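Engineer: Input file: protein_26.json. Contents: JSON, N, CA and C atoms.
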[["chain", "number", "residue", "atom", "x", "y", "z"],
["A", 514, "MET", "N", 126.47, 117.70, 105.57],
["A", 514, "MET", "CA", 126.35, 116.89, 106.78],
["A", 514, "MET", "C", 126.65, 115.44, 106.43],
["A", 515, "GLU", "N", 127.54, 114.84, 107.18],
["A", 515, "GLU", "CA", 127.88, 113.43, 106.95],
["A", 515, "GLU", "C", 127.03, 112.55, 107.87],
["A", 516, "VAL", "N", 126.28, 111.64, 107.27],
["A", 516, "VAL", "CA", 125.47, 110.72, 108.06],
["A", 516, "VAL", "C", 126.02, 109.32, 107.92],
["A", 517, "LYS", "N", 125.78, 108.51, 108.94],
["A", 517, "LYS", "CA", 126.28, 107.15, 108.96],
["A", 517, "LYS", "C", 125.11, 106.18, 109.13],
["A", 518, "GLN", "N", 125.32, 104.98, 108.62],
["A", 518, "GLN", "CA", 124.31, 103.93, 108.72],
["A", 518, "GLN", "C", 123.95, 103.69, 110.19],
["A", 519, "TYR", "N", 122.67, 103.55, 110.45],
["A", 519, "TYR", "CA", 122.07, 103.28, 111.75],
["A", 519, "TYR", "C", 122.04, 104.49, 112.68],
["A", 520, "GLN", "N", 122.34, 105.68, 112.14],
["A", 520, "GLN", "CA", 122.11, 106.88, 112.93],
["A", 520, "GLN", "C", 120.62, 107.20, 112.91],
["A", 521, "ILE", "N", 120.16, 107.86, 113.96],
["A", 521, "ILE", "CA", 118.79, 108.34, 114.01],
["A", 521, "ILE", "C", 118.85, 109.84, 113.74],
["A", 522, "ILE", "N", 118.08, 110.26, 112.74],
["A", 522, "ILE", "CA", 118.11, 111.65, 112.30],
["A", 522, "ILE", "C", 116.70, 112.22, 112.30],
["A", 523, "ILE", "N", 116.59, 113.52, 112.43],
["A", 523, "ILE", "CA", 115.30, 114.19, 112.29],
["A", 523, "ILE", "C", 115.19, 114.64, 110.84],
["A", 524, "VAL", "N", 114.06, 114.28, 110.21],
["A", 524, "VAL", "CA", 113.87, 114.51, 108.78],
["A", 524, "VAL", "C", 112.49, 115.13, 108.54],
["A", 525, "ASN", "N", 112.45, 116.07, 107.60],
["A", 525, "ASN", "CA", 111.17, 116.62, 107.14],
["A", 525, "ASN", "C", 110.71, 115.78, 105.96],
["A", 526, "LEU", "N", 109.70, 114.94, 106.16],
["A", 526, "LEU", "CA", 109.22, 114.03, 105.12],
["A", 526, "LEU", "C", 108.15, 114.63, 104.22],
["A", 527, "ASP", "N", 107.68, 115.84, 104.53],
["A", 527, "ASP", "CA", 106.65, 116.46, 103.70],
["A", 527, "ASP", "C", 107.26, 117.11, 102.47],
["A", 528, "PRO", "N", 106.61, 117.12, 101.35],
["A", 528, "PRO", "CA", 105.26, 116.60, 101.11],
["A", 528, "PRO", "C", 105.27, 115.09, 100.87],
["A", 529, "THR", "N", 104.16, 114.47, 101.18],
["A", 529, "THR", "CA", 103.99, 113.04, 100.96],
["A", 529, "THR", "C", 102.72, 112.82, 100.15],
["A", 530, "LEU", "N", 102.52, 111.58, 99.75],
["A", 530, "LEU", "CA", 101.31, 111.19, 99.02],
["A", 530, "LEU", "C", 100.67, 109.99, 99.70],
["A", 531, "GLY", "N", 99.37, 109.90, 99.63],
["A", 531, "GLY", "CA", 98.64, 108.72, 100.09],
["A", 531, "GLY", "C", 98.97, 108.29, 101.51],
["A", 532, "SER", "N", 99.37, 107.04, 101.67],
["A", 532, "SER", "CA", 99.60, 106.44, 102.98],
["A", 532, "SER", "C", 101.04, 106.55, 103.46],
["A", 533, "GLU", "N", 101.86, 107.36, 102.79],
["A", 533, "GLU", "CA", 103.25, 107.53, 103.23],
["A", 533, "GLU", "C", 103.27, 108.21, 104.60],
["A", 534, "ILE", "N", 104.24, 107.82, 105.43],
["A", 534, "ILE", "CA", 104.40, 108.48, 106.72],
["A", 534, "ILE", "C", 104.86, 109.90, 106.47],
["A", 535, "ARG", "N", 104.22, 110.85, 107.15],
["A", 535, "ARG", "CA", 104.47, 112.27, 106.87],
["A", 535, "ARG", "C", 105.02, 113.00, 108.07],
["A", 536, "LYS", "N", 105.25, 114.25, 107.93],
["A", 536, "LYS", "CA", 105.68, 115.28, 108.88],
["A", 536, "LYS", "C", 107.16, 115.16, 109.24],
["A", 537, "THR", "N", 107.62, 116.06, 110.08],
["A", 537, "THR", "CA", 109.00, 116.03, 110.56],
["A", 537, "THR", "C", 109.07, 115.03, 111.69],
["A", 538, "ARG", "N", 110.00, 114.06, 111.56],
["A", 538, "ARG", "CA", 110.06, 112.97, 112.54],
["A", 538, "ARG", "C", 111.44, 112.33, 112.53],
["A", 539, "PRO", "N", 111.73, 111.51, 113.55],
["A", 539, "PRO", "CA", 112.98, 110.75, 113.54],
["A", 539, "PRO", "C", 112.92, 109.67, 112.46],
["A", 540, "CYS", "N", 114.07, 109.37, 111.88],
["A", 540, "CYS", "CA", 114.19, 108.31, 110.89],
["A", 540, "CYS", "C", 115.52, 107.60, 111.11],
["A", 541, "LEU", "N", 115.57, 106.35, 110.70],
["A", 541, "LEU", "CA", 116.80, 105.57, 110.80],
["A", 541, "LEU", "C", 117.48, 105.54, 109.44],
["A", 542, "VAL", "N", 118.78, 105.82, 109.41],
["A", 542, "VAL", "CA", 119.54, 105.73, 108.17],
["A", 542, "VAL", "C", 119.81, 104.26, 107.89],
["A", 543, "ILE", "N", 119.36, 103.78, 106.73],
["A", 543, "ILE", "CA", 119.52, 102.39, 106.31],
["A", 543, "ILE", "C", 120.68, 102.23, 105.34],
["A", 544, "SER", "N", 120.90, 103.22, 104.48],
["A", 544, "SER", "CA", 121.93, 103.10, 103.44],
["A", 544, "SER", "C", 123.33, 102.98, 104.06],
["A", 545, "PRO", "N", 124.21, 102.21, 103.40],
["A", 545, "PRO", "CA", 125.56, 102.00, 103.93],
["A", 545, "PRO", "C", 126.42, 103.26, 103.82],
["A", 546, "ASP", "N", 127.44, 103.34, 104.67],
["A", 546, "ASP", "CA", 128.30, 104.52, 104.75],
["A", 546, "ASP", "C", 128.92, 104.89, 103.41],
["A", 547, "GLU", "N", 129.31, 103.91, 102.61],
["A", 547, "GLU", "CA", 129.93, 104.19, 101.32],
["A", 547, "GLU", "C", 128.97, 104.96, 100.41],
["A", 548, "MET", "N", 127.72, 104.59, 100.39],
["A", 548, "MET", "CA", 126.71, 105.34, 99.62],
["A", 548, "MET", "C", 126.50, 106.72, 100.23],
["A", 549, "ASN", "N", 126.39, 106.78, 101.54],
["A", 549, "ASN", "CA", 126.14, 108.05, 102.23],
["A", 549, "ASN", "C", 127.24, 109.06, 101.98],
["A", 550, "LYS", "N", 128.46, 108.57, 101.81],
["A", 550, "LYS", "CA", 129.61, 109.44, 101.60],
["A", 550, "LYS", "C", 129.61, 110.07, 100.20],
["A", 551, "HIS", "N", 129.07, 109.37, 99.20],
["A", 551, "HIS", "CA", 129.24, 109.81, 97.81],
["A", 551, "HIS", "C", 127.96, 110.31, 97.13],
["A", 552, "LEU", "N", 126.80, 110.02, 97.68],
["A", 552, "LEU", "CA", 125.55, 110.42, 97.04],
["A", 552, "LEU", "C", 124.91, 111.59, 97.78],
["A", 553, "ARG", "N", 124.03, 112.29, 97.11],
["A", 553, "ARG", "CA", 123.27, 113.39, 97.73],
["A", 553, "ARG", "C", 121.93, 112.89, 98.27],
["A", 554, "THR", "N", 121.75, 111.57, 98.24],
["A", 554, "THR", "CA", 120.54, 110.95, 98.78],
["A", 554, "THR", "C", 120.94, 109.86, 99.77],
["A", 555, "ILE", "N", 120.02, 109.55, 100.69],
["A", 555, "ILE", "CA", 120.21, 108.44, 101.61],
["A", 555, "ILE", "C", 118.91, 107.64, 101.69],
["A", 556, "VAL", "N", 119.02, 106.41, 102.14],
["A", 556, "VAL", "CA", 117.86, 105.55, 102.33],
["A", 556, "VAL", "C", 117.54, 105.54, 103.81],
["A", 557, "ILE", "N", 116.26, 105.80, 104.13],
["A", 557, "ILE", "CA", 115.84, 105.88, 105.53],
["A", 557, "ILE", "C", 114.59, 105.03, 105.77],
["A", 558, "ALA", "N", 114.37, 104.75, 107.05],
["A", 558, "ALA", "CA", 113.11, 104.15, 107.50],
["A", 558, "ALA", "C", 112.53, 105.09, 108.55],
["A", 559, "PRO", "N", 111.32, 105.58, 108.35],
["A", 559, "PRO", "CA", 110.70, 106.49, 109.33],
["A", 559, "PRO", "C", 110.49, 105.79, 110.68],
["A", 560, "ILE", "N", 110.47, 106.57, 111.73],
["A", 560, "ILE", "CA", 110.21, 106.09, 113.08],
["A", 560, "ILE", "C", 108.89, 106.69, 113.53],
["A", 561, "THR", "N", 108.04, 105.87, 114.11],
["A", 561, "THR", "CA", 106.73, 106.33, 114.57],
["A", 561, "THR", "C", 106.50, 105.94, 116.03],
["A", 562, "SER", "N", 105.76, 106.77, 116.72],
["A", 562, "SER", "CA", 105.43, 106.45, 118.12],
["A", 562, "SER", "C", 104.04, 105.84, 118.23],
["A", 563, "THR", "N", 103.32, 105.76, 117.13],
["A", 563, "THR", "CA", 101.98, 105.15, 117.14],
["A", 563, "THR", "C", 101.94, 104.02, 116.13],
["A", 564, "SER", "N", 102.04, 102.80, 116.62],
["A", 564, "SER", "CA", 102.04, 101.64, 115.74],
["A", 564, "SER", "C", 101.57, 100.43, 116.52],
["A", 565, "LYS", "N", 101.38, 99.37, 115.79],
["A", 565, "LYS", "CA", 101.14, 98.06, 116.39],
["A", 565, "LYS", "C", 102.38, 97.23, 116.12],
["A", 566, "ASP", "N", 102.47, 96.07, 116.72],
["A", 566, "ASP", "CA", 103.63, 95.21, 116.52],
["A", 566, "ASP", "C", 103.54, 94.45, 115.20],
["A", 567, "TYR", "N", 103.65, 95.18, 114.08],
["A", 567, "TYR", "CA", 103.68, 94.54, 112.77],
["A", 567, "TYR", "C", 105.03, 93.84, 112.61],
["A", 568, "VAL", "N", 105.06, 92.80, 111.77],
["A", 568, "VAL", "CA", 106.31, 92.05, 111.59],
["A", 568, "VAL", "C", 107.39, 92.88, 110.91],
["A", 569, "THR", "N", 107.02, 93.96, 110.24],
["A", 569, "THR", "CA", 107.99, 94.81, 109.55],
["A", 569, "THR", "C", 108.38, 96.03, 110.38],
["A", 570, "ARG", "N", 108.06, 96.02, 111.67],
["A", 570, "ARG", "CA", 108.37, 97.15, 112.55],
["A", 570, "ARG", "C", 109.26, 96.68, 113.70],
["A", 571, "VAL", "N", 110.28, 97.46, 114.00],
["A", 571, "VAL", "CA", 111.20, 97.16, 115.10],
["A", 571, "VAL", "C", 110.87, 98.09, 116.26],
["A", 572, "ARG", "N", 110.50, 97.50, 117.36],
["A", 572, "ARG", "CA", 110.13, 98.26, 118.56],
["A", 572, "ARG", "C", 111.40, 98.59, 119.34],
["A", 573, "PHE", "N", 111.51, 99.85, 119.78],
["A", 573, "PHE", "CA", 112.66, 100.25, 120.59],
["A", 573, "PHE", "C", 112.31, 101.52, 121.36],
["A", 574, "GLU", "N", 113.17, 101.89, 122.29],
["A", 574, "GLU", "CA", 112.93, 103.07, 123.10],
["A", 574, "GLU", "C", 113.79, 104.22, 122.57],
["A", 575, "LEU", "N", 113.16, 105.37, 122.39],
["A", 575, "LEU", "CA", 113.85, 106.58, 121.93],
["A", 575, "LEU", "C", 113.46, 107.72, 122.85],
["A", 576, "GLU", "N", 114.45, 108.32, 123.48],
["A", 576, "GLU", "CA", 114.24, 109.43, 124.40],
["A", 576, "GLU", "C", 113.20, 109.08, 125.47],
["A", 577, "GLY", "N", 113.30, 107.84, 125.97],
["A", 577, "GLY", "CA", 112.43, 107.40, 127.05],
["A", 577, "GLY", "C", 111.03, 106.98, 126.65],
["A", 578, "LYS", "N", 110.75, 106.94, 125.34],
["A", 578, "LYS", "CA", 109.41, 106.59, 124.87],
["A", 578, "LYS", "C", 109.48, 105.42, 123.89],
["A", 579, "LEU", "N", 108.42, 104.62, 123.86],
["A", 579, "LEU", "CA", 108.32, 103.49, 122.95],
["A", 579, "LEU", "C", 108.08, 103.98, 121.52],
["A", 580, "ASN", "N", 108.86, 103.46, 120.56],
["A", 580, "ASN", "CA", 108.75, 103.83, 119.15],
["A", 580, "ASN", "C", 108.92, 102.59, 118.29],
["A", 581, "TRP", "N", 108.60, 102.72, 117.01],
["A", 581, "TRP", "CA", 108.77, 101.64, 116.05],
["A", 581, "TRP", "C", 109.49, 102.17, 114.81],
["A", 582, "ILE", "N", 110.44, 101.40, 114.30],
["A", 582, "ILE", "CA", 111.09, 101.69, 113.03],
["A", 582, "ILE", "C", 110.23, 101.02, 111.96],
["A", 583, "ALA", "N", 109.70, 101.81, 111.03],
["A", 583, "ALA", "CA", 108.77, 101.31, 110.02],
["A", 583, "ALA", "C", 109.54, 100.84, 108.78],
["A", 584, "LEU", "N", 109.98, 99.59, 108.80],
["A", 584, "LEU", "CA", 110.75, 99.04, 107.67],
["A", 584, "LEU", "C", 109.87, 98.78, 106.45],
["A", 585, "ASP", "N", 108.56, 98.87, 106.61],
["A", 585, "ASP", "CA", 107.64, 98.77, 105.47],
["A", 585, "ASP", "C", 107.47, 100.12, 104.79],
["A", 586, "GLN", "N", 108.12, 101.17, 105.30],
["A", 586, "GLN", "CA", 108.01, 102.52, 104.74],
["A", 586, "GLN", "C", 109.38, 103.06, 104.29],
["A", 587, "ILE", "N", 110.33, 102.18, 104.00],
["A", 587, "ILE", "CA", 111.66, 102.60, 103.57],
["A", 587, "ILE", "C", 111.55, 103.48, 102.33],
["A", 588, "ARG", "N", 112.34, 104.57, 102.32],
["A", 588, "ARG", "CA", 112.34, 105.46, 101.16],
["A", 588, "ARG", "C", 113.69, 106.17, 101.03],
["A", 589, "THR", "N", 113.93, 106.72, 99.86],
["A", 589, "THR", "CA", 115.14, 107.49, 99.59],
["A", 589, "THR", "C", 114.80, 108.97, 99.69],
["A", 590, "ILE", "N", 115.66, 109.71, 100.38],
["A", 590, "ILE", "CA", 115.44, 111.16, 100.54],
["A", 590, "ILE", "C", 116.70, 111.93, 100.16],
["A", 591, "ASP", "N", 116.52, 113.18, 99.79],
["A", 591, "ASP", "CA", 117.64, 114.08, 99.55],
["A", 591, "ASP", "C", 118.20, 114.53, 100.90],
["A", 592, "LEU", "N", 119.51, 114.77, 100.95],
["A", 592, "LEU", "CA", 120.14, 115.20, 102.20],
["A", 592, "LEU", "C", 119.58, 116.52, 102.72],
["A", 593, "THR", "N", 119.02, 117.33, 101.86],
["A", 593, "THR", "CA", 118.48, 118.62, 102.32],
["A", 593, "THR", "C", 117.26, 118.45, 103.24],
["A", 594, "ARG", "N", 116.67, 117.27, 103.28],
["A", 594, "ARG", "CA", 115.53, 117.02, 104.17],
["A", 594, "ARG", "C", 115.97, 116.81, 105.63],
["A", 595, "ILE", "N", 117.26, 116.55, 105.84],
["A", 595, "ILE", "CA", 117.76, 116.27, 107.20],
["A", 595, "ILE", "C", 117.85, 117.56, 108.00],
["A", 596, "ILE", "N", 117.32, 117.52, 109.22],
["A", 596, "ILE", "CA", 117.39, 118.67, 110.12],
["A", 596, "ILE", "C", 118.56, 118.52, 111.07],
["A", 597, "ARG", "N", 118.68, 117.34, 111.70],
["A", 597, "ARG", "CA", 119.82, 117.11, 112.61],
["A", 597, "ARG", "C", 119.94, 115.62, 112.93],
["A", 598, "ILE", "N", 121.10, 115.25, 113.45],
["A", 598, "ILE", "CA", 121.36, 113.89, 113.92],
["A", 598, "ILE", "C", 121.09, 113.87, 115.42],
["A", 599, "ILE", "N", 120.36, 112.84, 115.89],
["A", 599, "ILE", "CA", 120.04, 112.81, 117.33],
["A", 599, "ILE", "C", 120.62, 111.60, 118.05],
["A", 600, "GLY", "N", 121.17, 110.62, 117.33],
["A", 600, "GLY", "CA", 121.73, 109.46, 118.02],
["A", 600, "GLY", "C", 122.03, 108.32, 117.08],
["A", 601, "THR", "N", 122.31, 107.18, 117.67],
["A", 601, "THR", "CA", 122.61, 105.96, 116.92],
["A", 601, "THR", "C", 121.85, 104.80, 117.54],
["A", 602, "LEU", "N", 121.35, 103.92, 116.70],
["A", 602, "LEU", "CA", 120.62, 102.74, 117.16],
["A", 602, "LEU", "C", 121.56, 101.79, 117.89],
["A", 603, "GLU", "N", 121.07, 101.11, 118.90],
["A", 603, "GLU", "CA", 121.89, 100.15, 119.66],
["A", 603, "GLU", "C", 122.01, 98.84, 118.90],
["A", 604, "GLN", "N", 123.05, 98.07, 119.21],
["A", 604, "GLN", "CA", 123.37, 96.83, 118.50],
["A", 604, "GLN", "C", 122.21, 95.83, 118.48],
["A", 605, "LYS", "N", 121.51, 95.71, 119.57],
["A", 605, "LYS", "CA", 120.39, 94.76, 119.63],
["A", 605, "LYS", "C", 119.34, 95.09, 118.56],
["A", 606, "GLU", "N", 119.01, 96.37, 118.45],
["A", 606, "GLU", "CA", 118.02, 96.79, 117.46],
["A", 606, "GLU", "C", 118.59, 96.72, 116.03],
["A", 607, "ILE", "N", 119.89, 97.00, 115.88],
["A", 607, "ILE", "CA", 120.52, 96.90, 114.56],
["A", 607, "ILE", "C", 120.39, 95.47, 114.04],
["A", 608, "ARG", "N", 120.65, 94.49, 114.89],
["A", 608, "ARG", "CA", 120.52, 93.07, 114.48],
["A", 608, "ARG", "C", 119.09, 92.76, 114.06],
["A", 609, "ARG", "N", 118.12, 93.29, 114.77],
["A", 609, "ARG", "CA", 116.71, 93.06, 114.44],
["A", 609, "ARG", "C", 116.35, 93.72, 113.11],
["A", 610, "VAL", "N", 116.81, 94.95, 112.89],
["A", 610, "VAL", "CA", 116.57, 95.66, 111.63],
["A", 610, "VAL", "C", 117.14, 94.85, 110.47],
["A", 611, "LYS", "N", 118.39, 94.40, 110.59],
["A", 611, "LYS", "CA", 119.03, 93.62, 109.53],
["A", 611, "LYS", "C", 118.24, 92.34, 109.24],
["A", 612, "SER", "N", 117.80, 91.68, 110.29],
["A", 612, "SER", "CA", 117.05, 90.43, 110.14],
["A", 612, "SER", "C", 115.73, 90.66, 109.40],
["A", 613, "ILE", "N", 115.01, 91.70, 109.77],
["A", 613, "ILE", "CA", 113.72, 91.98, 109.12],
["A", 613, "ILE", "C", 113.92, 92.41, 107.67],
["A", 614, "ILE", "N", 114.93, 93.23, 107.41],
["A", 614, "ILE", "CA", 115.21, 93.64, 106.02],
["A", 614, "ILE", "C", 115.53, 92.41, 105.18],
["A", 615, "LYS", "N", 116.36, 91.53, 105.70],
["A", 615, "LYS", "CA", 116.74, 90.32, 104.96],
["A", 615, "LYS", "C", 115.51, 89.44, 104.72],
["A", 616, "GLU", "N", 114.73, 89.23, 105.75],
["A", 616, "GLU", "CA", 113.54, 88.37, 105.64],
["A", 616, "GLU", "C", 112.51, 88.96, 104.68],
["A", 617, "THR", "N", 112.35, 90.28, 104.71],
["A", 617, "THR", "CA", 111.33, 90.94, 103.88],
["A", 617, "THR", "C", 111.75, 91.12, 102.44],
["A", 618, "PHE", "N", 112.99, 91.50, 102.20],
["A", 618, "PHE", "CA", 113.40, 91.89, 100.85],
["A", 618, "PHE", "C", 114.36, 90.93, 100.16],
["A", 619, "VAL", "N", 114.97, 90.00, 100.91],
["A", 619, "VAL", "CA", 115.96, 89.12, 100.29],
["A", 619, "VAL", "C", 115.48, 87.69, 100.18],
["A", 620, "ASP", "N", 114.97, 87.15, 101.25],
["A", 620, "ASP", "CA", 114.56, 85.73, 101.25],
["A", 620, "ASP", "C", 113.22, 85.51, 100.57]]
Let me see the file written as structure tokens.
Structural biologist:
Amino acid sequence: MEVKQYQIIIVNLDPTLGSEIRKTRPCLVISPDEMNKHLRTIVIAPITSTSKDYVTRVRFELEGKLNWIALDQIRTIDLTRIIRIIGTLEQKEIRRVKSIIKETFVD
């Protein structure tokens, strides 16, 4: 399965440890297309429907419901964890994701 950066995919995150976000859920692909094309792993950020407005979370609507992209829970997964692709993030949210990643991990 070929995945692209900023696609929303359904992923089985179990098993997990401690405070990691668990279960089968939507996730945002963070890794760039060049990595996604050549590696058997991708970098994702889990999406949750139960959150507060933390500075590391991007609020957006998915399938008519309010959700948050948990950029504080970024992790690398094997492609075999992917169940299916369900969509792509809109440009407004992509800009917000990039800004938070830069602010959190670069600056």
Engineer: Could you go through chain A and tell me which residues DSSP, when run on the backbone, assigns to alpha helix (DSSP H), listing them as a list in words?
Structural biologist: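 The residues of chain A classed as alpha helix (DSSP H) are Asp546, Glu547, Met548, Asn549, Lys550, His551, Gln604, Lys605, Glu606, Ile607, Arg608, Arg609, Val610, Lys611, Ser612, Ile613 and Ile614 of chain A.
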Engineer: Can you tell me how far atom CA of Val556 of chain A sits from atom CA of Ile543 of chain A, in Å to one decimal?
Structural biologist: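 Computing it gives 5.3 Å between the two atoms.
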Engineer: Quick one: everything within 6 Å of segment 584-599 of chain A, counting all atoms listed in the file, minus sequence neighbours fewer than 6 positions away in the same chain. Send it as a VMD selection string.
Structural biologist: chain A and resid 521 to 525 553 to 559 569 to 571
Engineer: If you run DSSP on the backbone here, which positions in chain A get strand (DSSP E or B)? Please write them as number ranges by chain.
Structural biologist: A: 520-525, 537-542, 554-561, 570-575, 578-583, 588-591, 595-601
Engineer: Report as a PDB file with N, CA and C atoms, keeping the file's coordinate frame all protein, DNA and RNA residues lying within 6 Å of segment 602-616 of chain A, evaluated on only C-alpha atoms, omitting residues in the same chain fewer than 3 positions from it.
Structural biologist:
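Output below, filename out_9.pdb:
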ATOM      1  N   TYR A 519     122.670 103.550 110.450  1.00  0.00           N
ATOM      2  CA  TYR A 519     122.070 103.280 111.750  1.00  0.00           C
ATOM      3  C   TYR A 519     122.040 104.490 112.680  1.00  0.00           C
ATOM      4  N   VAL A 619     114.970  90.000 100.910  1.00  0.00           N
ATOM      5  CA  VAL A 619     115.960  89.120 100.290  1.00  0.00           C
ATOM      6  C   VAL A 619     115.480  87.690 100.180  1.00  0.00           C
ATOM      7  N   ASP A 620     114.970  87.150 101.250  1.00  0.00           N
ATOM      8  CA  ASP A 620     114.560  85.730 101.250  1.00  0.00           C
ATOM      9  C   ASP A 620     113.220  85.510 100.570  1.00  0.00           C
TER      10      ASP A 620
END
Engineer: Measure the distance from atom CA of Leu541 of chain A to atom CA of Gln520 of chain A in Å and round it to one decimal.
Structural biologist: 5.9 Å
Engineer: Just checking: using only C-alpha atoms, which residue out of A:Ser544, A:Thr537, A:Ser532, A:Ser564 ends up closest to Lys517 of chain A?
Structural biologist: A:Ser544
Engineer: Rounded to one decimal in Å, what is the spacing between atom CA of Lys536 of chain A and atom CA of Asn580 of chain A?
Structural biologist: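 Interatomic distance, atom CA of Lys536 of chain A to atom CA of Asn580 of chain A: 15.7 Å.
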Engineer: Can you tell me which residues surround Lys578 of chain A at a distance of at most 8 Å, considering all atoms listed in the file, apart from same-chain residues fewer than 4 positions away, and format the answer as a ChimeraX atom specification?
Structural biologist: /A:562,573-574
Engineer: With the input short on atoms, add all heavy atoms back to segment 519-526 of chain A and write it as a JSON list (two decimals), in the frame of the given file.
Structural biologist:
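File written: out-v4.json
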[["chain", "number", "residue", "atom", "x", "y", "z"],
["A", 519, "TYR", "N", 122.67, 103.55, 110.45],
["A", 519, "TYR", "CA", 122.07, 103.28, 111.75],
["A", 519, "TYR", "C", 122.04, 104.49, 112.68],
["A", 519, "TYR", "O", 121.71, 104.35, 113.85],
["A", 519, "TYR", "CB", 122.69, 102.06, 112.44],
["A", 519, "TYR", "CG", 122.59, 100.83, 111.57],
["A", 519, "TYR", "CD1", 123.73, 100.16, 111.13],
["A", 519, "TYR", "CD2", 121.35, 100.37, 111.14],
["A", 519, "TYR", "CE1", 123.63, 99.05, 110.31],
["A", 519, "TYR", "CE2", 121.25, 99.26, 110.30],
["A", 519, "TYR", "CZ", 122.40, 98.61, 109.90],
["A", 519, "TYR", "OH", 122.30, 97.53, 109.08],
["A", 520, "GLN", "N", 122.34, 105.68, 112.14],
["A", 520, "GLN", "CA", 122.11, 106.88, 112.93],
["A", 520, "GLN", "C", 120.62, 107.20, 112.91],
["A", 520, "GLN", "O", 119.91, 106.86, 111.95],
["A", 520, "GLN", "CB", 122.87, 108.09, 112.36],
["A", 520, "GLN", "CG", 124.32, 108.11, 112.74],
["A", 520, "GLN", "CD", 125.03, 109.35, 112.22],
["A", 520, "GLN", "OE1", 124.75, 109.84, 111.14],
["A", 520, "GLN", "NE2", 125.97, 109.85, 113.01],
["A", 521, "ILE", "N", 120.16, 107.86, 113.96],
["A", 521, "ILE", "CA", 118.79, 108.34, 114.01],
["A", 521, "ILE", "C", 118.85, 109.84, 113.74],
["A", 521, "ILE", "O", 119.61, 110.57, 114.40],
["A", 521, "ILE", "CB", 118.15, 108.04, 115.37],
["A", 521, "ILE", "CG1", 118.13, 106.52, 115.60],
["A", 521, "ILE", "CG2", 116.74, 108.63, 115.44],
["A", 521, "ILE", "CD1", 117.76, 106.11, 117.01],
["A", 522, "ILE", "N", 118.08, 110.26, 112.74],
["A", 522, "ILE", "CA", 118.11, 111.65, 112.30],
["A", 522, "ILE", "C", 116.70, 112.22, 112.30],
["A", 522, "ILE", "O", 115.73, 111.47, 112.19],
["A", 522, "ILE", "CB", 118.74, 111.77, 110.89],
["A", 522, "ILE", "CG1", 117.98, 110.93, 109.88],
["A", 522, "ILE", "CG2", 120.22, 111.39, 110.93],
["A", 522, "ILE", "CD1", 118.47, 111.02, 108.44],
["A", 523, "ILE", "N", 116.59, 113.52, 112.43],
["A", 523, "ILE", "CA", 115.30, 114.19, 112.29],
["A", 523, "ILE", "C", 115.19, 114.64, 110.84],
["A", 523, "ILE", "O", 116.09, 115.30, 110.32],
["A", 523, "ILE", "CB", 115.18, 115.39, 113.25],
["A", 523, "ILE", "CG1", 115.35, 114.96, 114.71],
["A", 523, "ILE", "CG2", 113.85, 116.12, 113.04],
["A", 523, "ILE", "CD1", 114.26, 114.04, 115.22],
["A", 524, "VAL", "N", 114.06, 114.28, 110.21],
["A", 524, "VAL", "CA", 113.87, 114.51, 108.78],
["A", 524, "VAL", "C", 112.49, 115.13, 108.54],
["A", 524, "VAL", "O", 111.51, 114.73, 109.15],
["A", 524, "VAL", "CB", 113.96, 113.16, 108.01],
["A", 524, "VAL", "CG1", 113.68, 113.36, 106.54],
["A", 524, "VAL", "CG2", 115.31, 112.51, 108.21],
["A", 525, "ASN", "N", 112.45, 116.07, 107.60],
["A", 525, "ASN", "CA", 111.17, 116.62, 107.14],
["A", 525, "ASN", "C", 110.71, 115.78, 105.96],
["A", 525, "ASN", "O", 111.27, 115.88, 104.87],
["A", 525, "ASN", "CB", 111.33, 118.08, 106.73],
["A", 525, "ASN", "CG", 110.04, 118.68, 106.22],
["A", 525, "ASN", "OD1", 109.01, 118.00, 106.14],
["A", 525, "ASN", "ND2", 110.07, 119.94, 105.88],
["A", 526, "LEU", "N", 109.70, 114.94, 106.16],
["A", 526, "LEU", "CA", 109.22, 114.03, 105.12],
["A", 526, "LEU", "C", 108.15, 114.63, 104.22],
["A", 526, "LEU", "O", 107.73, 114.00, 103.26],
["A", 526, "LEU", "CB", 108.69, 112.74, 105.76],
["A", 526, "LEU", "CG", 109.74, 111.90, 106.48],
["A", 526, "LEU", "CD1", 109.07, 110.72, 107.16],
["A", 526, "LEU", "CD2", 110.83, 111.44, 105.53]]
